[in-house]
Amino acid sequence: MLNPSNIIRSRRKTLSMFVNQNGELIVKAPLHLADRKIYEFVKTKERWIEAQKKRVLQIQFLNKSVLTYHSFLYLGEELLPLICNKAKRVERSSSYLLVPAKLAGQGEEKVLKKIEKWLRDEAKFVINERVMYFRAKLNLEYASFITNNNKTRWGSCSRSGALTLNWRAVMLPPSLLDYIVVHEFCHLLEFNHSKAFWKLVDQVLPNWKDLRLRLKNLNWLLNLFR
């Protein structure tokens with residue numbers, strides 16, 4: 001069940017595990033913890049591991065087109081790439097992403113890079129718009145805002161008030177993008193995940209628990225364009 005090469009040791013105090021997008025079990029362990037202890041821990045979590053693997057397989061089955069870059073998500077809507085002789089650049093047209101015929105002739109890798117750039121450019125505009133909206137709505141000031149390419153997180157807020165959001169958030173439905181923005185804004189007032197923090201979130205988004213669960217189920221989007 002556990003490949004020894006999937007044990008990641010570091011200067012941590014506790015064991016943790018997760019099933020990656022390929023259905024592989026990854027275990028994070030303290031540097032000097034005996035292998036026997038690790039395998040005993042994994043043994044106690046067999047049912048959870050199997051459930052997670054089934055979940056990964058379901059995600060792969062239901063989202064095969066997006067995972068294989070045969071379609072692309074933009075604000076929760078699936079866009080299909082369409083080669084167009086008249087298009088001069090990658091651009092959206094209804095439920096399609098128009099790809100210039102000249103670009104398509106340069107190969108799939110070139111096309112994907114241009115589509116990624118289109119998504120990143122859109123992200124800067126769309127996410128900034130929501131940040132400005134909630135800045136006014138909540139009457140809160142932040143030190144700075146950027147989009148980034150983080151591998152594991154949708155967003156962050158530093159103690160100095162610097163907001164950072166993953167550009168892939170532009171792939172999410174608008175309600176989930178707003179949840180991420182609100183979440184980070186609330187950290188300007190509560191730099192933790194205490195009851196006080198979630199109370200702040202609840203005042204803005206009373207359905208935050210549902211939004212948080214939906215976002216968790218879309219974490220696989222963080223692995224796109226790697």
# chains A, B, ... in the order shown; residues from 1 in each chain; ligands from 1

$ residues_around --residues "stretch 203-216 of chain A" --least-positions-apart "5" --cutoff "8 Å" --atoms "only C-alpha atoms" --output "number ranges by chain"
A: 175-176, 179, 182

$ closest_atom_pairs --of "stretch 156-205 of chain A" --to "stretch 73-78 of chain A" --cutoff "9 Å" --atoms "only C-alpha atoms" --output "JSON lines"
{"residue": "A:Ala169", "atom": "CA", "partner": "A:Leu75", "partner_atom": "CA", "distance": 8.1}
{"residue": "A:Val170", "atom": "CA", "partner": "A:Leu75", "partner_atom": "CA", "distance": 5.5}
{"residue": "A:Met171", "atom": "CA", "partner": "A:Tyr74", "partner_atom": "CA", "distance": 4.3}
{"residue": "A:Leu172", "atom": "CA", "partner": "A:Gly76", "partner_atom": "CA", "distance": 4.7}
{"residue": "A:Pro173", "atom": "CA", "partner": "A:Gly76", "partner_atom": "CA", "distance": 4.0}
{"residue": "A:Pro174", "atom": "CA", "partner": "A:Leu75", "partner_atom": "CA", "distance": 5.8}
{"residue": "A:Leu177", "atom": "CA", "partner": "A:Leu75", "partner_atom": "CA", "distance": 8.2}

$ write_last_selection --atoms "C-alpha atoms" --output "short mmCIF file (atom, residue, chain, number, x, y, z; two decimals), in the first residue's frame"
data_model
loop_
_atom_site.label_atom_id
_atom_site.label_comp_id
_atom_site.auth_asym_id
_atom_site.auth_seq_id
_atom_site.Cartn_x
_atom_site.Cartn_y
_atom_site.Cartn_z
CA ALA A 169 -8.63 30.74 -8.52
CA VAL A 170 -9.88 32.21 -11.81
CA MET A 171 -10.89 28.65 -12.74
CA LEU A 172 -13.28 28.43 -9.79
CA PRO A 173 -16.97 29.37 -9.71
CA PRO A 174 -17.38 33.02 -8.61
CA LEU A 177 -13.36 32.83 -5.61
#

$ residues_around --residues "A:Leu79" --least-positions-apart "6" --cutoff "12 Å" --atoms "only C-alpha atoms" --output "PyMOL selection string"
chain A and resi 65-66+69-73+91-99+115+119+171

$ write_last_selection --atoms "all heavy atoms" --output "short mmCIF file (atom, residue, chain, number, x, y, z; two decimals), in the first residue's frame"
data_model
loop_
_atom_site.label_atom_id
_atom_site.label_comp_id
_atom_site.auth_asym_id
_atom_site.auth_seq_id
_atom_site.Cartn_x
_atom_site.Cartn_y
_atom_site.Cartn_z
N SER A 65 -11.52 15.55 -19.11
CA SER A 65 -11.27 16.52 -20.16
C SER A 65 -10.41 17.69 -19.68
O SER A 65 -9.49 18.12 -20.36
CB SER A 65 -12.61 17.05 -20.70
OG SER A 65 -12.40 17.97 -21.75
N VAL A 66 -10.71 18.19 -18.46
CA VAL A 66 -9.94 19.30 -17.90
C VAL A 66 -8.55 18.84 -17.49
O VAL A 66 -7.56 19.54 -17.73
CB VAL A 66 -10.68 19.92 -16.69
CG1 VAL A 66 -9.83 21.02 -16.03
CG2 VAL A 66 -12.03 20.49 -17.13
N TYR A 69 -6.29 18.62 -20.42
CA TYR A 69 -6.18 19.87 -21.19
C TYR A 69 -6.92 19.82 -22.52
O TYR A 69 -6.49 20.44 -23.49
CB TYR A 69 -4.71 20.24 -21.40
CG TYR A 69 -3.93 20.37 -20.11
CD1 TYR A 69 -3.03 19.38 -19.72
CD2 TYR A 69 -4.12 21.46 -19.27
CE1 TYR A 69 -2.32 19.49 -18.53
CE2 TYR A 69 -3.42 21.57 -18.08
CZ TYR A 69 -2.53 20.59 -17.71
OH TYR A 69 -1.83 20.69 -16.52
N HIS A 70 -8.02 19.08 -22.53
CA HIS A 70 -8.89 19.09 -23.71
C HIS A 70 -10.00 20.11 -23.55
O HIS A 70 -10.74 20.41 -24.50
CB HIS A 70 -9.47 17.70 -23.97
CG HIS A 70 -8.46 16.74 -24.53
ND1 HIS A 70 -7.68 15.95 -23.71
CD2 HIS A 70 -8.08 16.46 -25.80
CE1 HIS A 70 -6.87 15.21 -24.46
NE2 HIS A 70 -7.09 15.50 -25.73
N SER A 71 -10.15 20.63 -22.34
CA SER A 71 -11.04 21.75 -22.06
C SER A 71 -10.46 22.50 -20.87
O SER A 71 -9.57 22.00 -20.18
CB SER A 71 -12.48 21.27 -21.77
OG SER A 71 -12.52 20.51 -20.58
N PHE A 72 -10.98 23.72 -20.64
CA PHE A 72 -10.38 24.58 -19.62
C PHE A 72 -11.48 25.27 -18.82
O PHE A 72 -12.51 25.66 -19.37
CB PHE A 72 -9.47 25.62 -20.28
CG PHE A 72 -8.41 25.00 -21.14
CD1 PHE A 72 -8.66 24.70 -22.48
CD2 PHE A 72 -7.18 24.66 -20.60
CE1 PHE A 72 -7.69 24.10 -23.27
CE2 PHE A 72 -6.20 24.05 -21.38
CZ PHE A 72 -6.46 23.77 -22.71
N LEU A 73 -11.25 25.39 -17.52
CA LEU A 73 -12.24 26.03 -16.66
C LEU A 73 -11.95 27.51 -16.50
O LEU A 73 -10.81 27.91 -16.27
CB LEU A 73 -12.25 25.35 -15.28
CG LEU A 73 -12.81 23.93 -15.23
CD1 LEU A 73 -12.73 23.38 -13.81
CD2 LEU A 73 -14.26 23.89 -15.72
N GLU A 91 -8.48 33.90 -27.23
CA GLU A 91 -9.52 34.73 -26.63
C GLU A 91 -10.80 33.93 -26.48
O GLU A 91 -11.02 32.93 -27.18
CB GLU A 91 -9.79 35.97 -27.50
CG GLU A 91 -10.20 35.65 -28.93
CD GLU A 91 -10.34 36.91 -29.77
OE1 GLU A 91 -10.31 38.01 -29.21
OE2 GLU A 91 -10.48 36.77 -31.00
N ARG A 92 -11.63 34.38 -25.57
CA ARG A 92 -12.88 33.67 -25.31
C ARG A 92 -13.97 34.14 -26.25
O ARG A 92 -14.09 35.32 -26.57
CB ARG A 92 -13.33 33.91 -23.86
CG ARG A 92 -14.61 33.15 -23.51
CD ARG A 92 -15.11 33.51 -22.13
NE ARG A 92 -16.33 32.78 -21.83
CZ ARG A 92 -17.07 33.00 -20.73
NH1 ARG A 92 -16.68 33.90 -19.85
NH2 ARG A 92 -18.16 32.30 -20.53
N SER A 93 -14.78 33.18 -26.70
CA SER A 93 -15.97 33.47 -27.48
C SER A 93 -17.06 32.52 -27.01
O SER A 93 -17.03 31.33 -27.35
CB SER A 93 -15.71 33.30 -28.98
OG SER A 93 -16.89 33.53 -29.72
N SER A 94 -17.97 33.01 -26.19
CA SER A 94 -19.03 32.19 -25.62
C SER A 94 -18.42 31.04 -24.83
O SER A 94 -17.65 31.27 -23.90
CB SER A 94 -19.96 31.67 -26.73
OG SER A 94 -21.05 30.98 -26.20
N SER A 95 -18.70 29.80 -25.18
CA SER A 95 -18.17 28.65 -24.44
C SER A 95 -16.92 28.06 -25.10
O SER A 95 -16.57 26.90 -24.86
CB SER A 95 -19.24 27.56 -24.30
OG SER A 95 -19.69 27.14 -25.58
N TYR A 96 -16.26 28.87 -25.90
CA TYR A 96 -15.06 28.41 -26.60
C TYR A 96 -13.86 29.30 -26.29
O TYR A 96 -14.00 30.48 -25.95
CB TYR A 96 -15.28 28.40 -28.12
CG TYR A 96 -16.31 27.42 -28.59
CD1 TYR A 96 -17.62 27.83 -28.82
CD2 TYR A 96 -15.98 26.08 -28.80
CE1 TYR A 96 -18.58 26.93 -29.25
CE2 TYR A 96 -16.94 25.17 -29.23
CZ TYR A 96 -18.24 25.60 -29.45
OH TYR A 96 -19.19 24.69 -29.87
N LEU A 97 -12.68 28.72 -26.40
CA LEU A 97 -11.43 29.47 -26.39
C LEU A 97 -10.89 29.42 -27.81
O LEU A 97 -10.51 28.35 -28.29
CB LEU A 97 -10.42 28.85 -25.41
CG LEU A 97 -10.35 29.40 -24.00
CD1 LEU A 97 -9.22 28.73 -23.22
CD2 LEU A 97 -10.17 30.91 -23.99
N LEU A 98 -10.91 30.55 -28.48
CA LEU A 98 -10.44 30.58 -29.87
C LEU A 98 -8.91 30.53 -29.89
O LEU A 98 -8.24 31.30 -29.21
CB LEU A 98 -10.93 31.84 -30.56
CG LEU A 98 -12.45 32.04 -30.60
CD1 LEU A 98 -12.80 33.28 -31.39
CD2 LEU A 98 -13.15 30.81 -31.17
N VAL A 99 -8.39 29.61 -30.68
CA VAL A 99 -6.94 29.44 -30.83
C VAL A 99 -6.56 29.78 -32.26
O VAL A 99 -7.08 29.15 -33.20
CB VAL A 99 -6.52 27.99 -30.50
CG1 VAL A 99 -5.02 27.81 -30.72
CG2 VAL A 99 -6.92 27.63 -29.07
N ILE A 115 -2.55 29.47 -23.69
CA ILE A 115 -3.80 29.38 -22.94
C ILE A 115 -3.54 29.68 -21.47
O ILE A 115 -4.32 30.38 -20.81
CB ILE A 115 -4.46 28.01 -23.12
CG1 ILE A 115 -4.99 27.88 -24.56
CG2 ILE A 115 -5.59 27.79 -22.11
CD1 ILE A 115 -5.59 26.53 -24.88
N LEU A 119 -5.19 32.66 -19.18
CA LEU A 119 -5.81 32.46 -17.88
C LEU A 119 -5.15 33.32 -16.81
O LEU A 119 -5.83 33.92 -15.96
CB LEU A 119 -5.73 30.98 -17.48
CG LEU A 119 -6.69 30.03 -18.19
CD1 LEU A 119 -6.30 28.58 -17.94
CD2 LEU A 119 -8.13 30.27 -17.74
N MET A 171 -10.20 29.81 -12.19
CA MET A 171 -10.89 28.65 -12.74
C MET A 171 -12.14 28.30 -11.92
O MET A 171 -13.01 27.58 -12.40
CB MET A 171 -9.96 27.43 -12.75
CG MET A 171 -8.68 27.59 -13.54
SD MET A 171 -7.70 26.06 -13.47
CE MET A 171 -6.14 26.62 -14.16
#

$ residues_around --residues "stretch 159-166 of chain A" --least-positions-apart "3" --cutoff "12 Å" --atoms "only C-alpha atoms" --output "VMD selection string"
chain A and resid 119 to 120 123 to 124 126 to 128 130 to 132 135 140 to 156 169 to 172 177 to 192 219 221 to 224

$ residues_around --residues "A:Arg9" --least-positions-apart "5" --cutoff "9 Å" --atoms "only C-alpha atoms" --output "list of chain:residue names"
A:Val27, A:Lys28, A:Ala29, A:Pro30, A:Leu31, A:His32, A:Leu33

$ select_by_dssp --residues "stretch 137-223 of chain A" --states "alpha helix (DSSP H)" --output "JSON, numbers by chain"
{"A": [137, 138, 174, 175, 176, 177, 178, 179, 180, 181, 182, 183, 184, 185, 186, 195, 196, 197, 198, 199, 200, 201, 202, 203, 204, 208, 209, 210, 211, 212, 213, 214, 215, 216]}

$ write_last_selection --atoms "N, CA, C and O atoms" --output "compact mmCIF listing (two decimals), in the first residue's frame"
# COMPACT_ATOMS: atom_id res chain seq x y z
N LYS A 137 -16.40 46.84 0.53
CA LYS A 137 -17.52 46.28 1.29
C LYS A 137 -17.18 46.11 2.77
O LYS A 137 -17.99 46.40 3.65
N LEU A 138 -15.96 45.65 3.05
CA LEU A 138 -15.55 45.38 4.43
C LEU A 138 -14.83 46.56 5.07
O LEU A 138 -14.53 46.52 6.26
N PRO A 174 -17.50 31.74 -9.30
CA PRO A 174 -17.38 33.02 -8.61
C PRO A 174 -17.58 32.96 -7.10
O PRO A 174 -16.90 33.66 -6.35
N SER A 175 -18.53 32.14 -6.64
CA SER A 175 -18.79 32.05 -5.20
C SER A 175 -17.58 31.53 -4.44
O SER A 175 -17.31 31.95 -3.30
N LEU A 176 -16.82 30.61 -5.04
CA LEU A 176 -15.65 30.06 -4.38
C LEU A 176 -14.47 31.03 -4.44
O LEU A 176 -13.67 31.12 -3.51
N LEU A 177 -14.37 31.78 -5.53
CA LEU A 177 -13.36 32.83 -5.61
C LEU A 177 -13.62 33.86 -4.52
O LEU A 177 -12.68 34.28 -3.81
N ASP A 178 -14.87 34.24 -4.34
CA ASP A 178 -15.20 35.20 -3.29
C ASP A 178 -14.88 34.65 -1.90
O ASP A 178 -14.43 35.39 -1.02
N TYR A 179 -15.12 33.37 -1.71
CA TYR A 179 -14.80 32.76 -0.41
C TYR A 179 -13.32 32.89 -0.10
O TYR A 179 -12.93 33.24 1.02
N ILE A 180 -12.47 32.64 -1.08
CA ILE A 180 -11.02 32.75 -0.87
C ILE A 180 -10.64 34.18 -0.52
O ILE A 180 -9.86 34.43 0.42
N VAL A 181 -11.19 35.14 -1.25
CA VAL A 181 -10.89 36.56 -1.00
C VAL A 181 -11.33 36.96 0.40
O VAL A 181 -10.58 37.58 1.15
N VAL A 182 -12.55 36.61 0.76
CA VAL A 182 -13.08 36.94 2.09
C VAL A 182 -12.23 36.28 3.17
O VAL A 182 -11.91 36.91 4.19
N HIS A 183 -11.88 35.03 2.96
CA HIS A 183 -11.06 34.29 3.92
C HIS A 183 -9.78 35.05 4.22
O HIS A 183 -9.41 35.25 5.39
N GLU A 184 -9.09 35.50 3.19
CA GLU A 184 -7.83 36.20 3.40
C GLU A 184 -8.04 37.59 3.99
O GLU A 184 -7.24 38.04 4.81
N PHE A 185 -9.10 38.26 3.61
CA PHE A 185 -9.40 39.56 4.20
C PHE A 185 -9.64 39.45 5.70
O PHE A 185 -9.21 40.31 6.48
N CYS A 186 -10.32 38.39 6.12
CA CYS A 186 -10.61 38.21 7.54
C CYS A 186 -9.33 37.96 8.35
O CYS A 186 -9.28 38.26 9.55
N LYS A 195 -12.26 30.60 16.58
CA LYS A 195 -13.70 30.83 16.48
C LYS A 195 -13.99 32.27 16.07
O LYS A 195 -14.93 32.54 15.33
N ALA A 196 -13.16 33.18 16.57
CA ALA A 196 -13.34 34.60 16.24
C ALA A 196 -13.15 34.83 14.74
O ALA A 196 -13.87 35.62 14.13
N PHE A 197 -12.18 34.11 14.17
CA PHE A 197 -11.94 34.24 12.73
C PHE A 197 -13.14 33.76 11.94
O PHE A 197 -13.63 34.47 11.05
N TRP A 198 -13.62 32.57 12.24
CA TRP A 198 -14.74 32.01 11.48
C TRP A 198 -16.02 32.81 11.70
O TRP A 198 -16.89 32.86 10.82
N LYS A 199 -16.12 33.49 12.85
CA LYS A 199 -17.27 34.36 13.09
C LYS A 199 -17.24 35.54 12.12
O LYS A 199 -18.29 35.95 11.60
N LEU A 200 -16.04 36.06 11.87
CA LEU A 200 -15.90 37.14 10.89
C LEU A 200 -16.31 36.69 9.50
O LEU A 200 -17.03 37.39 8.78
N VAL A 201 -15.84 35.49 9.12
CA VAL A 201 -16.19 34.94 7.80
C VAL A 201 -17.70 34.76 7.70
O VAL A 201 -18.31 35.08 6.67
N ASP A 202 -18.30 34.26 8.78
CA ASP A 202 -19.74 33.98 8.80
C ASP A 202 -20.57 35.25 8.61
O ASP A 202 -21.65 35.22 8.00
N GLN A 203 -20.06 36.37 9.09
CA GLN A 203 -20.79 37.63 8.95
C GLN A 203 -20.87 38.08 7.49
O GLN A 203 -21.80 38.77 7.10
N VAL A 204 -19.90 37.65 6.70
CA VAL A 204 -19.88 38.03 5.28
C VAL A 204 -20.50 36.93 4.42
O VAL A 204 -21.27 37.21 3.50
N TRP A 208 -20.38 29.72 4.47
CA TRP A 208 -18.95 29.46 4.28
C TRP A 208 -18.58 28.00 4.45
O TRP A 208 -17.65 27.50 3.81
N LYS A 209 -19.29 27.26 5.29
CA LYS A 209 -18.97 25.84 5.49
C LYS A 209 -19.18 25.05 4.21
O LYS A 209 -18.36 24.20 3.84
N ASP A 210 -20.28 25.34 3.53
CA ASP A 210 -20.55 24.67 2.25
C ASP A 210 -19.51 25.09 1.21
O ASP A 210 -19.01 24.25 0.45
N LEU A 211 -19.17 26.36 1.18
CA LEU A 211 -18.18 26.86 0.23
C LEU A 211 -16.81 26.24 0.49
O LEU A 211 -16.10 25.87 -0.45
N ARG A 212 -16.45 26.11 1.75
CA ARG A 212 -15.15 25.53 2.10
C ARG A 212 -15.07 24.08 1.64
O ARG A 212 -14.04 23.63 1.12
N LEU A 213 -16.16 23.33 1.81
CA LEU A 213 -16.19 21.93 1.38
C LEU A 213 -16.10 21.83 -0.14
O LEU A 213 -15.36 21.00 -0.68
N ARG A 214 -16.83 22.68 -0.83
CA ARG A 214 -16.79 22.66 -2.30
C ARG A 214 -15.40 23.01 -2.81
O ARG A 214 -14.91 22.41 -3.78
N LEU A 215 -14.75 23.96 -2.15
CA LEU A 215 -13.40 24.33 -2.55
C LEU A 215 -12.43 23.18 -2.33
O LEU A 215 -11.57 22.90 -3.17
N LYS A 216 -12.57 22.50 -1.21
CA LYS A 216 -11.71 21.35 -0.92
C LYS A 216 -11.83 20.29 -2.01
O LYS A 216 -10.84 19.67 -2.41

$ atom_distance --atom1 "atom CA of A:Pro81" --atom2 "atom CA of A:Arg226"
19.4 Å

$ closest_residue --among "A:Ala104, A:Met1, A:Leu82, A:Val90" --to "A:Ile49" --atoms "only C-alpha atoms"
A:Met1

$ residues_around --residues "A:Asn22" --least-positions-apart "6" --cutoff "10 Å" --atoms "only C-alpha atoms" --output "JSON, numbers by chain"
{"A": [53, 56, 57, 60]}
